[in-house]
Amino acid sequence: MGDDGVGIKIGRELKRQGYKVEELGTDIFSLMRVYNGENKVIIVDAVLGEIPGKVVYFKGEDIFKKLRAEIRSAHFMGAVEGLKLLLEVDERLKNAELHFVGVTIKEPKLGLELSEEVKRAIPRAMELILSIIREGE
């Protein structure tokens, strides 16, 4: 797990801090299985970009408009389309506030460690995610 594992690293740290985290891997459709009516769904993933270590954030419809246009998911083609389809077939998700937090990587690589640029982005991504969680509490 190289830089493309940044979402997993962030998720595991959030879980360690006591937050509910589900690792979906490359199967966005497994969200249907684990979703229990939470008010907010925050998807955290690596995204391909020119400059590694940049934190990107999209909310609601912007996930579908901007993510597709600007950045590709590092893990699976059609993630945005898959999420859109989920919203159509799972009525419960229509009421959830959707958020996407990504950390840009230059390219997926095999390896065990994150690059320094991506490691440095983790605290910024965590801070953003925690502010989303706290918003409206």
# chains A, B, ... in the order shown; residues from 1 in each chain; ligands from 1
>>> select_by_dssp(residues="stretch 30-128 of chain A", states="strand (DSSP E or B)", output="list in words")
Lys40, Val41, Ile42, Ile43, Val44, Asp45, Ala46, Val47, Leu48, Val55, Val56, Tyr57, Phe58, Lys59, Arg72, Ser73, Glu97, Leu98, His99, Phe100, Val101, Gly102, Val103, Thr104 and Ile105 of chain A
>>> write_last_selection(atoms="N, CA and C atoms", output="compact mmCIF listing (two decimals), in the first residue's frame")
# COMPACT_ATOMS: atom_id res chain seq x y z
N LYS A 40 -24.33 12.04 8.15
CA LYS A 40 -23.23 12.42 7.27
C LYS A 40 -22.49 11.18 6.81
N VAL A 41 -22.12 11.19 5.53
CA VAL A 41 -21.27 10.16 4.96
C VAL A 41 -20.05 10.89 4.40
N ILE A 42 -18.88 10.54 4.91
CA ILE A 42 -17.64 11.17 4.45
C ILE A 42 -16.80 10.10 3.78
N ILE A 43 -16.56 10.29 2.51
CA ILE A 43 -15.72 9.35 1.75
C ILE A 43 -14.32 9.94 1.71
N VAL A 44 -13.34 9.13 2.08
CA VAL A 44 -11.94 9.57 2.11
C VAL A 44 -11.16 8.66 1.18
N ASP A 45 -10.43 9.26 0.24
CA ASP A 45 -9.72 8.44 -0.73
C ASP A 45 -8.53 9.20 -1.31
N ALA A 46 -7.65 8.45 -1.92
CA ALA A 46 -6.58 9.04 -2.71
C ALA A 46 -7.17 9.40 -4.07
N VAL A 47 -6.72 10.51 -4.62
CA VAL A 47 -7.14 10.91 -5.95
C VAL A 47 -5.91 11.27 -6.77
N LEU A 48 -5.98 11.00 -8.04
CA LEU A 48 -4.86 11.32 -8.91
C LEU A 48 -4.84 12.81 -9.22
N VAL A 55 -4.93 18.51 -0.38
CA VAL A 55 -6.20 18.02 0.17
C VAL A 55 -7.33 18.67 -0.62
N VAL A 56 -8.24 17.84 -1.13
CA VAL A 56 -9.38 18.34 -1.89
C VAL A 56 -10.66 17.98 -1.15
N TYR A 57 -11.66 18.84 -1.30
CA TYR A 57 -12.93 18.62 -0.60
C TYR A 57 -14.09 19.00 -1.50
N PHE A 58 -15.08 18.12 -1.55
CA PHE A 58 -16.31 18.40 -2.28
C PHE A 58 -17.48 17.94 -1.42
N LYS A 59 -18.60 18.65 -1.55
CA LYS A 59 -19.79 18.33 -0.76
C LYS A 59 -21.00 18.24 -1.68
N ARG A 72 -9.44 12.25 -10.92
CA ARG A 72 -9.90 10.86 -11.01
C ARG A 72 -9.57 10.13 -9.72
N SER A 73 -10.44 9.22 -9.33
CA SER A 73 -10.16 8.40 -8.16
C SER A 73 -8.96 7.52 -8.48
N GLU A 97 -25.97 13.73 4.28
CA GLU A 97 -25.11 14.80 3.79
C GLU A 97 -23.82 14.14 3.31
N LEU A 98 -23.53 14.24 2.02
CA LEU A 98 -22.36 13.57 1.45
C LEU A 98 -21.16 14.50 1.38
N HIS A 99 -20.00 13.96 1.75
CA HIS A 99 -18.75 14.71 1.71
C HIS A 99 -17.68 13.81 1.10
N PHE A 100 -16.77 14.42 0.35
CA PHE A 100 -15.62 13.70 -0.19
C PHE A 100 -14.36 14.46 0.19
N VAL A 101 -13.45 13.79 0.88
CA VAL A 101 -12.15 14.37 1.22
C VAL A 101 -11.10 13.50 0.54
N GLY A 102 -10.28 14.12 -0.28
CA GLY A 102 -9.25 13.38 -0.99
C GLY A 102 -7.88 13.97 -0.76
N VAL A 103 -6.89 13.13 -0.91
CA VAL A 103 -5.49 13.57 -0.89
C VAL A 103 -4.92 13.19 -2.24
N THR A 104 -4.37 14.17 -2.94
CA THR A 104 -3.84 13.88 -4.28
C THR A 104 -2.54 13.09 -4.20
N ILE A 105 -2.44 12.17 -5.15
CA ILE A 105 -1.21 11.40 -5.34
C ILE A 105 -0.85 11.51 -6.81
>>> closest_residue(among="A:Leu130, A:Leu110, A:Ala121, A:Val34", to="A:Asp4", atoms="only C-alpha atoms")
A:Leu110
>>> closest_residue(among="A:Leu14, A:Val6, A:Ala125, A:Val21", to="A:Tyr35", atoms="only C-alpha atoms")
A:Val21
>>> closest_residue(among="A:Asp62, A:Lys20, A:Gly25, A:Lys94", to="A:Ile8", atoms="only C-alpha atoms")
A:Gly25
>>> closest_residue(among="A:Leu87, A:Tyr19, A:Lys106, A:Leu112", to="A:Arg134", atoms="only C-alpha atoms")
A:Tyr19
>>> closest_residue(among="A:Leu85, A:Met1, A:Ile28, A:Ile10", to="A:Pro123", atoms="only C-alpha atoms")
A:Ile10
>>> decode(residues="stretch 52-67 of chain A", atoms="N, CA and C atoms", output="tab-separated table (two decimals), in the first residue's frame")
chain	number	residue	atom	x	y	z
A	52	PRO	N	1.21	15.99	-5.66
A	52	PRO	CA	0.88	15.09	-4.55
A	52	PRO	C	0.80	15.85	-3.22
A	53	GLY	N	-0.13	15.41	-2.37
A	53	GLY	CA	-0.24	15.98	-1.04
A	53	GLY	C	-1.22	17.12	-0.90
A	54	LYS	N	-1.97	17.41	-1.94
A	54	LYS	CA	-2.99	18.46	-1.86
A	54	LYS	C	-4.27	17.83	-1.31
A	55	VAL	N	-4.93	18.51	-0.38
A	55	VAL	CA	-6.20	18.02	0.17
A	55	VAL	C	-7.33	18.67	-0.62
A	56	VAL	N	-8.24	17.84	-1.13
A	56	VAL	CA	-9.38	18.34	-1.89
A	56	VAL	C	-10.66	17.98	-1.15
A	57	TYR	N	-11.66	18.84	-1.30
A	57	TYR	CA	-12.93	18.62	-0.60
A	57	TYR	C	-14.09	19.00	-1.50
A	58	PHE	N	-15.08	18.12	-1.55
A	58	PHE	CA	-16.31	18.40	-2.28
A	58	PHE	C	-17.48	17.94	-1.42
A	59	LYS	N	-18.60	18.65	-1.55
A	59	LYS	CA	-19.79	18.33	-0.76
A	59	LYS	C	-21.00	18.24	-1.68
A	60	GLY	N	-21.88	17.31	-1.38
A	60	GLY	CA	-23.15	17.19	-2.10
A	60	GLY	C	-22.97	17.00	-3.59
A	61	GLU	N	-23.71	17.76	-4.37
A	61	GLU	CA	-23.68	17.64	-5.83
A	61	GLU	C	-22.31	17.96	-6.42
A	62	ASP	N	-21.53	18.78	-5.72
A	62	ASP	CA	-20.19	19.11	-6.22
A	62	ASP	C	-19.32	17.86	-6.34
A	63	ILE	N	-19.61	16.84	-5.54
A	63	ILE	CA	-18.86	15.58	-5.65
A	63	ILE	C	-18.99	15.06	-7.07
A	64	PHE	N	-20.19	15.11	-7.59
A	64	PHE	CA	-20.44	14.55	-8.92
A	64	PHE	C	-19.97	15.48	-10.03
A	65	LYS	N	-20.12	16.77	-9.83
A	65	LYS	CA	-19.73	17.74	-10.87
A	65	LYS	C	-18.22	17.95	-10.94
A	66	LYS	N	-17.65	18.32	-9.81
A	66	LYS	CA	-16.24	18.73	-9.81
A	66	LYS	C	-15.26	17.57	-9.74
A	67	LEU	N	-15.58	16.55	-8.95
A	67	LEU	CA	-14.64	15.44	-8.83
A	67	LEU	C	-14.44	14.77	-10.17
